[in-house]
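Text of the file final_11.tsv, holding TSV, C-alpha atoms:
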chain	number	residue	atom	x	y	z
A	35	MET	CA	-2.76	-17.49	9.79
A	36	ASP	CA	-2.93	-16.16	13.35
A	37	CYS	CA	0.07	-15.21	15.42
A	38	ASN	CA	0.09	-13.42	18.76
A	39	THR	CA	0.89	-9.73	18.89
A	40	THR	CA	3.53	-8.04	21.04
A	41	HIS	CA	3.79	-4.79	22.99
A	42	HIS	CA	6.20	-2.09	21.75
A	43	GLN	CA	7.37	0.62	24.12
A	44	THR	CA	11.15	0.78	24.23
A	45	SER	CA	13.60	-0.47	21.62
A	46	THR	CA	17.00	-2.11	21.51
A	47	ALA	CA	19.06	-3.26	18.53
A	48	GLU	CA	18.75	-6.75	17.05
A	49	PRO	CA	20.96	-8.63	14.55
A	50	ASP	CA	18.90	-7.74	11.46
A	51	GLY	CA	19.11	-4.02	12.28
A	52	VAL	CA	15.47	-3.49	13.25
A	53	SER	CA	14.34	-1.97	16.53
A	54	ARG	CA	13.35	-4.54	19.11
A	55	SER	CA	10.66	-4.38	21.76
A	56	ALA	CA	11.89	-4.60	25.33
A	57	ALA	CA	8.48	-4.34	26.96
A	58	GLU	CA	7.37	-7.91	26.47
A	59	PRO	CA	8.63	-11.06	24.69
A	60	ALA	CA	7.41	-11.51	21.11
A	61	GLY	CA	4.79	-14.19	20.69
A	62	HIS	CA	3.05	-13.28	23.94
A	63	ALA	CA	-0.69	-12.62	23.58
A	64	VAL	CA	-1.87	-9.16	24.51
A	65	CYS	CA	-3.30	-9.25	28.02
A	66	LEU	CA	-6.91	-8.21	27.49
A	67	GLU	CA	-9.89	-9.98	28.95
A	68	PRO	CA	-12.37	-11.26	26.32
A	69	ALA	CA	-15.62	-9.31	26.13
A	70	SER	CA	-18.71	-10.91	27.57
A	71	GLY	CA	-19.96	-13.76	25.39
A	72	GLN	CA	-16.91	-13.73	23.09
A	73	GLN	CA	-15.03	-16.92	22.32
A	74	PRO	CA	-11.68	-16.03	20.70
A	75	PRO	CA	-9.75	-18.84	18.96
A	76	ASP	CA	-7.10	-20.90	20.69
A	77	GLY	CA	-3.67	-19.28	20.98
A	78	ASN	CA	-0.30	-20.83	20.12
A	79	THR	CA	0.56	-21.32	23.77
A	80	GLY	CA	-2.82	-22.49	25.05
A	81	GLY	CA	-5.81	-20.55	26.29
A	82	LYS	CA	-7.68	-18.10	24.12
A	83	LEU	CA	-6.21	-15.48	21.81
A	84	THR	CA	-7.25	-11.93	22.49
A	85	THR	CA	-5.59	-10.43	19.40
A	86	SER	CA	-3.72	-11.70	16.35
A	87	VAL	CA	-1.84	-10.38	13.32
A	88	SER	CA	-1.52	-12.03	9.93
A	89	PRO	CA	-0.79	-11.37	6.26
A	90	ASP	CA	-4.14	-11.39	4.46
A	91	TRP	CA	-3.22	-10.90	0.79
A	92	LEU	CA	-0.06	-11.21	-1.28
A	93	ASN	CA	0.62	-10.47	-4.95
A	94	VAL	CA	4.13	-11.10	-6.29
A	95	THR	CA	5.47	-10.68	-9.83
A	96	PHE	CA	8.25	-13.05	-10.91
A	97	PRO	CA	10.42	-13.49	-14.01
A	98	SER	CA	8.73	-16.06	-16.26
A	99	THR	CA	11.75	-18.33	-15.77
A	100	SER	CA	10.71	-18.75	-12.12
A	101	MET	CA	7.16	-19.91	-12.83
A	102	THR	CA	7.83	-23.65	-12.45
A	103	ALA	CA	9.73	-23.11	-9.19
A	104	VAL	CA	6.91	-20.93	-7.85
A	105	LYS	CA	4.26	-23.48	-8.79
A	106	ASP	CA	6.18	-26.30	-7.10
A	107	ARG	CA	6.85	-24.29	-3.93
A	108	ILE	CA	3.24	-23.16	-3.46
A	109	SER	CA	1.97	-26.67	-4.27
A	110	LEU	CA	3.72	-27.97	-1.14
A	111	THR	CA	1.14	-26.09	0.96
A	112	LEU	CA	-1.88	-25.62	-1.28
A	113	GLY	CA	-1.72	-28.79	-3.36
A	114	ALA	CA	-1.41	-29.16	-7.12
A	115	PRO	CA	-3.06	-26.37	-9.13
A	116	VAL	CA	-5.65	-26.81	-11.88
A	117	VAL	CA	-5.12	-25.06	-15.21
A	118	GLN	CA	-8.07	-22.80	-16.04
A	119	ASP	CA	-9.57	-21.91	-19.40
A	120	ARG	CA	-9.15	-18.20	-18.77
A	121	GLY	CA	-6.46	-15.75	-17.74
A	122	LYS	CA	-6.17	-13.20	-14.96
A	123	HIS	CA	-5.99	-9.44	-15.46
A	124	PHE	CA	-3.81	-8.90	-18.56
A	125	TYR	CA	-2.34	-12.45	-18.46
A	126	ARG	CA	-3.92	-14.86	-20.91
A	127	GLU	CA	-3.25	-18.10	-18.98
A	128	SER	CA	-3.72	-19.08	-15.34
A	129	MET	CA	-3.86	-21.98	-12.89
A	130	ARG	CA	-5.81	-22.08	-9.64
A	131	PHE	CA	-4.71	-23.57	-6.31
A	132	GLU	CA	-7.00	-24.51	-3.45
A	133	ASP	CA	-8.62	-21.63	-1.57
A	134	GLY	CA	-8.38	-19.30	-4.56
A	135	ALA	CA	-4.65	-18.68	-5.08
A	136	ILE	CA	-3.84	-17.88	-8.75
A	137	LEU	CA	-0.66	-18.19	-10.81
A	138	ALA	CA	-1.06	-16.30	-14.10
A	139	TRP	CA	1.16	-15.85	-17.16
A	140	SER	CA	1.32	-15.14	-20.89
A	141	ASP	CA	3.71	-16.91	-23.21
A	142	ASP	CA	4.81	-13.63	-24.79
A	143	LEU	CA	5.48	-11.81	-21.49
A	144	PRO	CA	8.75	-12.02	-19.54
A	145	HIS	CA	6.98	-12.19	-16.16
A	146	CYS	CA	4.25	-14.06	-14.30
A	147	SER	CA	2.12	-13.25	-11.25
A	148	LEU	CA	1.22	-15.12	-8.06
A	149	SER	CA	-1.82	-13.99	-6.08
A	150	LEU	CA	-2.56	-15.39	-2.62
A	151	ASN	CA	-5.92	-14.27	-1.23
A	152	GLY	CA	-6.84	-14.28	2.47
A	153	ASP	CA	-7.95	-17.92	2.55
A	154	SER	CA	-4.79	-19.19	0.84
A	155	CYS	CA	-2.56	-17.00	3.04
A	156	SER	CA	-4.17	-18.59	6.11
A	157	ARG	CA	-2.97	-22.02	4.94
A	158	PHE	CA	0.62	-21.00	5.68
A	159	ASN	CA	1.71	-20.92	9.31
A	160	PRO	CA	3.63	-17.74	10.27
A	161	GLU	CA	7.08	-19.27	9.87
A	162	SER	CA	6.20	-20.87	6.51
A	163	PHE	CA	4.87	-17.56	5.21
A	164	ARG	CA	8.05	-15.77	6.31
A	165	GLN	CA	10.21	-18.34	4.55
A	166	VAL	CA	8.13	-18.30	1.34
A	167	LEU	CA	8.24	-14.50	1.17
A	168	LYS	CA	11.99	-14.47	1.76
A	169	TRP	CA	12.49	-17.17	-0.89
A	170	ALA	CA	10.27	-15.36	-3.40
A	171	ILE	CA	12.14	-12.06	-3.14
A	172	GLU	CA	15.72	-13.14	-2.50
A	173	ASP	CA	15.93	-16.40	-4.48
A	174	GLN	CA	13.41	-15.89	-7.29
A	175	ASP	CA	13.78	-12.15	-7.87
A	176	GLY	CA	10.12	-11.57	-7.05
A	177	LYS	CA	8.60	-8.13	-6.50
A	178	VAL	CA	5.64	-7.66	-4.17
A	179	THR	CA	2.93	-5.56	-5.86
A	180	ARG	CA	0.28	-5.87	-3.15
A	181	ILE	CA	0.31	-7.00	0.46
A	182	ASP	CA	-2.43	-6.74	3.08
A	183	LEU	CA	-1.68	-7.05	6.80
A	184	ALA	CA	-4.45	-7.63	9.35
A	185	PHE	CA	-4.79	-7.08	13.09
A	186	ASP	CA	-7.80	-8.77	14.74
A	187	ASP	CA	-9.16	-7.75	18.13
A	188	TYR	CA	-11.26	-10.66	19.42
A	189	THR	CA	-12.12	-8.81	22.63
A	190	ARG	CA	-13.76	-5.99	20.62
A	191	GLU	CA	-12.62	-3.71	23.45
A	192	LEU	CA	-9.26	-2.46	22.15
A	193	VAL	CA	-10.53	-1.46	18.69
A	194	LYS	CA	-13.99	0.15	18.87
A	195	LEU	CA	-15.65	1.08	15.61
A	196	ASP	CA	-17.63	3.91	17.24
A	197	ASP	CA	-14.29	5.62	18.02
A	198	VAL	CA	-13.16	5.19	14.42
A	199	HIS	CA	-16.43	6.53	13.00
A	200	ALA	CA	-16.24	9.56	15.29
A	201	ALA	CA	-12.66	10.32	14.25
A	202	ALA	CA	-13.54	9.91	10.56
A	203	ASN	CA	-16.55	12.25	10.84
A	204	ALA	CA	-14.40	14.87	12.60
A	205	GLY	CA	-11.53	14.53	10.11
A	206	ASP	CA	-9.22	13.57	12.98
A	207	PHE	CA	-6.92	11.29	10.98
A	208	ALA	CA	-3.56	11.73	9.24
A	209	GLY	CA	-1.99	10.12	6.20
A	210	TYR	CA	-5.06	10.24	3.92
A	211	LEU	CA	-7.31	12.83	2.30
A	212	THR	CA	-10.41	10.68	1.83
A	213	VAL	CA	-12.49	8.40	4.01
A	214	ALA	CA	-15.57	6.25	3.28
A	215	ALA	CA	-17.73	5.03	6.16
A	216	GLN	CA	-20.35	2.37	5.49
A	217	ARG	CA	-23.03	0.78	7.63
A	218	PRO	CA	-25.34	-0.92	5.11
A	219	MET	CA	-28.68	-2.29	6.33
A	220	LYS	CA	-31.09	-5.00	5.16
A	221	ARG	CA	-34.78	-5.46	5.72
A	222	THR	CA	-35.61	-8.72	7.53
A	223	ALA	CA	-38.63	-10.21	9.26
A	224	ALA	CA	-37.25	-8.82	12.54
A	225	GLY	CA	-36.83	-5.35	11.03
A	226	MET	CA	-33.83	-3.49	9.61
A	227	VAL	CA	-30.47	-5.01	10.57
A	228	ILE	CA	-26.91	-3.79	9.96
A	229	THR	CA	-25.10	-6.10	7.51
A	230	GLY	CA	-21.72	-4.39	7.55
A	231	ASP	CA	-19.69	-1.81	9.44
A	232	SER	CA	-16.50	-0.39	7.96
A	233	VAL	CA	-14.40	2.77	7.67
A	234	THR	CA	-11.93	2.90	4.76
A	235	PHE	CA	-9.18	5.52	4.54
A	236	GLY	CA	-7.56	6.23	1.19
A	237	LYS	CA	-8.17	4.99	-2.34
A	238	ARG	CA	-6.81	2.21	-4.50
A	239	GLY	CA	-5.54	2.54	-8.05
A	240	LYS	CA	-4.21	5.62	-9.83
A	241	LEU	CA	-6.04	8.03	-7.55
A	242	GLY	CA	-4.58	6.47	-4.41
A	243	SER	CA	-1.28	6.94	-2.60
A	244	GLY	CA	-0.29	3.27	-2.67
A	245	LYS	CA	-1.79	2.48	0.73
A	246	GLN	CA	-5.20	2.05	2.29
A	247	VAL	CA	-6.51	1.24	5.77
A	248	CYS	CA	-9.86	-0.43	6.36
A	249	ILE	CA	-11.19	-0.90	9.91
A	250	TYR	CA	-14.28	-3.08	9.97
A	251	ASP	CA	-16.45	-5.61	11.80
A	252	LYS	CA	-15.03	-8.94	10.70
A	253	ASN	CA	-17.93	-10.78	12.34
A	254	LEU	CA	-20.41	-9.14	9.95
A	255	GLU	CA	-18.09	-9.44	6.95
A	256	SER	CA	-17.43	-13.16	7.52
A	257	ALA	CA	-21.03	-14.06	8.41
A	258	GLY	CA	-20.04	-14.99	11.95
A	259	ARG	CA	-16.93	-17.07	11.20
A	260	THR	CA	-14.49	-14.58	12.79
A	261	ASN	CA	-15.88	-12.54	15.67
A	262	ALA	CA	-13.42	-9.68	15.80
A	263	VAL	CA	-12.84	-6.06	14.84
A	264	ARG	CA	-10.13	-5.91	12.18
A	265	ILE	CA	-7.60	-3.25	11.20
A	266	GLU	CA	-6.43	-4.07	7.67
A	267	ALA	CA	-3.50	-2.17	6.15
A	268	ARG	CA	-3.21	-2.58	2.38
A	269	PHE	CA	-0.15	-1.61	0.38
A	270	PHE	CA	0.19	-1.39	-3.40
A	271	LYS	CA	2.93	-0.94	-6.00
A	272	ASP	CA	6.07	0.81	-4.65
A	273	ARG	CA	4.86	0.79	-1.05
A	274	ALA	CA	4.02	-2.92	-1.33
A	275	ALA	CA	7.52	-3.63	-2.67
A	276	ILE	CA	9.07	-1.82	0.30
A	277	VAL	CA	6.89	-3.68	2.82
A	278	GLY	CA	7.78	-6.97	1.14
A	279	GLU	CA	11.50	-6.23	1.32
A	280	VAL	CA	11.24	-5.19	4.97
A	281	LEU	CA	9.35	-8.34	5.99
A	282	ALA	CA	11.57	-10.61	3.88
A	283	SER	CA	14.66	-9.24	5.64
A	284	SER	CA	13.45	-10.71	8.95
A	285	LEU	CA	15.95	-13.25	10.27
A	286	THR	CA	13.54	-14.73	12.81
A	287	LEU	CA	9.80	-15.26	13.21
A	288	GLU	CA	9.89	-12.88	16.19
A	289	SER	CA	11.28	-10.12	13.98
A	290	PHE	CA	8.77	-10.88	11.23
A	291	GLN	CA	5.78	-10.66	13.59
A	292	ARG	CA	7.02	-7.46	15.13
A	293	LYS	CA	7.48	-5.81	11.73
A	294	VAL	CA	3.96	-6.82	10.71
A	295	CYS	CA	2.60	-5.21	13.89
A	296	GLU	CA	4.58	-1.99	13.46
A	297	THR	CA	3.69	-1.67	9.78
A	298	ILE	CA	-0.02	-1.90	10.59
A	299	GLY	CA	0.38	0.64	13.41
A	300	GLY	CA	2.25	3.04	11.15
A	301	ALA	CA	-0.20	2.88	8.24
A	302	ILE	CA	-2.41	5.62	9.71
A	303	ASP	CA	-2.62	8.00	12.66
A	304	PHE	CA	-5.58	9.47	14.52
A	305	VAL	CA	-4.99	12.95	15.93
A	306	ASN	CA	-6.88	15.91	17.37
A	307	ARG	CA	-6.71	18.68	14.76
A	308	ILE	CA	-8.40	21.36	16.86
A	309	GLY	CA	-6.08	24.30	17.48
A	310	ALA	CA	-3.12	22.79	15.57
A	311	HIS	CA	-3.64	25.06	12.51
A	312	GLY	CA	-2.63	22.27	10.16
A	313	HIS	CA	0.68	21.47	11.91
A	314	LEU	CA	0.75	17.69	12.30
A	315	ASP	CA	3.54	17.79	14.89
A	316	ARG	CA	1.29	19.85	17.18
A	317	MET	CA	-1.63	17.43	17.02
A	318	ALA	CA	-2.13	15.16	20.02
A	319	ARG	CA	-2.84	11.52	19.24
A	320	LEU	CA	-6.35	10.41	20.09
A	321	PRO	CA	-6.48	8.20	23.23
A	322	PHE	CA	-8.11	5.22	21.51
A	323	TRP	CA	-5.39	5.08	18.86
A	324	GLN	CA	-2.63	5.59	21.42
A	325	ARG	CA	-3.83	2.42	23.19
A	326	ILE	CA	-3.61	0.52	19.91
A	327	VAL	CA	-0.16	1.92	19.03
A	328	ASP	CA	1.04	0.91	22.51
A	329	VAL	CA	0.18	-2.66	21.51
A	330	LEU	CA	1.30	-2.67	17.87
A	331	GLY	CA	4.13	-0.16	17.71
A	332	GLN	CA	4.42	2.18	14.74
A	333	ALA	CA	6.69	2.10	11.69
A	334	PRO	CA	5.37	4.25	8.80
A	335	ILE	CA	6.33	3.29	5.23
A	336	THR	CA	7.49	6.31	3.21
A	337	VAL	CA	8.17	6.43	-0.53
A	338	LEU	CA	10.42	9.29	-1.70
A	339	LYS	CA	9.48	10.17	-5.26
A	340	LEU	CA	12.29	11.66	-7.33
A	341	VAL	CA	11.32	13.08	-10.71
A	342	PRO	CA	14.24	13.74	-13.11
A	343	PRO	CA	14.46	17.38	-14.23
A	344	LEU	CA	14.05	16.49	-17.93
A	345	GLN	CA	10.97	14.37	-17.25
A	346	ARG	CA	9.41	17.15	-15.17
A	347	THR	CA	10.12	19.71	-17.88
A	348	MET	CA	8.57	17.51	-20.57
A	349	GLU	CA	5.49	17.02	-18.41
A	350	TYR	CA	5.23	20.81	-18.03
A	351	PHE	CA	5.50	21.39	-21.80
A	352	LYS	CA	2.91	18.70	-22.45
A	353	HIS	CA	0.48	20.27	-20.00
A	354	VAL	CA	0.92	23.79	-21.36
A	355	LEU	CA	1.15	23.12	-25.10
A	356	ALA	CA	-0.84	19.95	-25.83
A	357	LYS	CA	-4.24	21.63	-26.33
A	358	SER	CA	-2.81	24.51	-28.40
A	359	PHE	CA	-0.87	22.13	-30.65
A	360	ALA	CA	-3.90	19.88	-31.16
A	361	THR	CA	-6.10	22.87	-32.08
A	362	SER	CA	-3.49	24.18	-34.53
A	363	LEU	CA	-3.20	20.74	-36.12
A	364	GLN	CA	-6.96	20.59	-36.67
A	365	VAL	CA	-7.02	24.03	-38.30
A	366	ILE	CA	-4.14	23.17	-40.63
A	367	GLU	CA	-5.75	19.87	-41.69
A	368	VAL	CA	-9.09	21.62	-42.35
A	369	MET	CA	-7.16	23.85	-44.78
A	370	GLY	CA	-6.16	20.71	-46.66
A	371	MET	CA	-2.52	20.69	-45.65
A	372	ASP	CA	-0.37	17.98	-44.08
A	373	GLY	CA	-0.85	18.93	-40.42
A	374	LYS	CA	2.02	16.91	-38.94
A	375	ARG	CA	4.48	18.14	-41.59
A	376	VAL	CA	3.51	21.77	-41.09
A	377	MET	CA	3.66	21.45	-37.28
A	378	HIS	CA	7.11	19.84	-37.55
A	379	ASP	CA	8.38	22.71	-39.71
A	380	LEU	CA	6.78	25.24	-37.38
A	381	LEU	CA	8.50	23.66	-34.38
A	382	ASP	CA	11.87	23.97	-36.14
A	383	VAL	CA	11.21	27.67	-36.74
A	384	ILE	CA	10.24	28.17	-33.08
A	385	LEU	CA	13.39	26.39	-31.87
A	386	ASP	CA	15.64	28.42	-34.17
A	387	ASP	CA	14.05	31.63	-32.91
A	388	GLY	CA	14.51	30.48	-29.33
A	389	ARG	CA	18.19	29.72	-29.86
A	390	ARG	CA	18.78	33.19	-31.28
A	391	ARG	CA	17.06	34.77	-28.29
A	392	ILE	CA	19.17	32.73	-25.87
A	393	GLU	CA	22.35	33.84	-27.65
A	394	ARG	CA	21.30	37.49	-27.35
A	395	ASP	CA	20.36	37.04	-23.66
A	396	GLU	CA	23.78	35.54	-22.83
A	397	TYR	CA	25.39	38.86	-23.76
A	398	ARG	CA	22.78	40.99	-21.98
A	399	PRO	CA	24.06	42.33	-18.61
A	400	GLY	CA	22.46	40.59	-15.67
A	401	ALA	CA	20.80	37.92	-17.81
A	402	ARG	CA	22.15	35.04	-15.74
A	403	ASP	CA	20.97	36.72	-12.55
A	404	LEU	CA	17.46	36.86	-14.03
A	405	GLY	CA	17.40	33.05	-14.34
A	406	LEU	CA	17.72	32.92	-18.13
A	407	ASN	CA	20.37	30.21	-18.04
A	408	VAL	CA	18.49	27.04	-18.95
A	409	ALA	CA	20.75	24.64	-17.03
A	410	ASP	CA	20.40	26.65	-13.83
A	411	LEU	CA	16.66	26.90	-14.33
A	412	LEU	CA	16.28	23.15	-14.75
A	413	GLN	CA	18.42	22.51	-11.70
A	414	ARG	CA	16.28	24.82	-9.57
A	415	ARG	CA	13.08	23.22	-10.89
A	416	SER	CA	14.37	19.73	-10.09
A	417	ARG	CA	14.85	20.74	-6.43
A	418	ALA	CA	11.47	22.41	-6.28
A	419	PHE	CA	9.66	19.34	-7.61
A	420	THR	CA	11.35	16.79	-5.37
A	421	TRP	CA	9.05	15.49	-2.61

This entry written out as structure tokens:
Amino acid sequence: MDCNTTHHQTSTAEPDGVSRSAAEPAGHAVCLEPASGQQPPDGNTGGKLTTSVSPDWLNVTFPSTSMTAVKDRISLTLGAPVVQDRGKHFYRESMRFEDGAILAWSDDLPHCSLSLNGDSCSRFNPESFRQVLKWAIEDQDGKVTRIDLAFDDYTRELVKLDDVHAAANAGDFAGYLTVAAQRPMKRTAAGMVITGDSVTFGKRGKLGSGKQVCIYDKNLESAGRTNAVRIEARFFKDRAAIVGEVLASSLTLESFQRKVCETIGGAIDFVNRIGAHGHLDRMARLPFWQRIVDVLGQAPITVLKLVPPLQRTMEYFKHVLAKSFATSLQVIEVMGMDGKRVMHDLLDVILDDGRRRIERDEYRPGARDLGLNVADLLQRRSRAFTW
């Protein structure tokens, strides 16, 4: 699903409330000459594409009542699905569309899941994808749980993997703590050859931040089918839901394409950390990434996590007391007593003693100034743990 990228330098307002590029009309291919020997694909307006952007993965969770509507809508593009004899993830049932798209469900769950991989995403033209995403979120109450956005440089001149490797080795990147660079090799009759070339920033799953950026040689990854260097921004969970809402709010294809570009550009930053003493605002952007941001634009996705004071306090108690309580329970049970009953009675005694101490403290001069008022303490902790 290839669509031409646009330049972003200055902004003006547009009807859907999103900044608008004034440097160049949307839908215009970036003006870069193809590298020697490269044959980029045909563009939408004739000639050869030099760059393109496209959604490359989409997972959406729907209410189970929407499953039939989702199946019928996706079938219009991918054809009728085939029911499989296995489920997907924690769903016990599933059906498979052409090119690997999966619709999964369980009869006892109130929701179902649609997963469009890269091949199935490419079956939708840009406008069809925009409309399907908008329909899924606004009409079917869908929630995006993963979305990957890709930027391909067919010239291989704008995005150079040597620059990315150098920045990764120097730690000159922002937005992530971890990076994994891979250049696997294989023995052949002609000698050792590189079979892949990638740099991945961030982690997936529980240890990740909900986003990941992978910059890699698509030519090696696709066995020669797509000769390009790709920047792939991947978003999960809350960040994916935000990206989905932002893209679905696009009133026009122009707006949709621009938001895709800016979201990719804002998913990471490459900066010179020397002499900045950890202050990100003092770090100059690396020239190679500035050239890319000049093409894509930059719109970072931020998730503000608010933890309720009571939840934070319970987490603190759990962390501090869990091991001590478990050890005490084991000792009591070894003595032949009902551990849970004794621990329950002991907790009542501790709480009663605590209440008596609080009552005494309320009458002690200066007690409130010392932070012994529980409500004030919780309020201060809630501010301290908001990030």

message: Using Å and a single decimal, report how far CA of Lys252 (chain A) sits from CA of Gly209 (chain A).
response: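 Distance reported for this atom pair: 23.5 Å.
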
Have a look at A:Ile298, A:Ala310, A:Leu281, A:Leu192 and name the one nearest to Ile326 (chain A); count all atoms listed in the file.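 The closest residue to Ile326 (chain A) is A:Leu192.
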
Computed gap from CA of Leu211 (chain A) to CA of Gly236 (chain A) is 6.7 Å

Between CA of Asp303 (chain A) and CA of Asp328 (chain A) lies a distance of 12.7 Å

- Dig up all the protein and nucleic acid residues within 12 Å of (11.6, -5.9, 4.5) in the file frame, using all atoms listed in the file, and format them as number ranges by chain. A: 50-52, 164, 167-168, 171-172, 177-178, 273-285, 289-294, 297, 333, 335
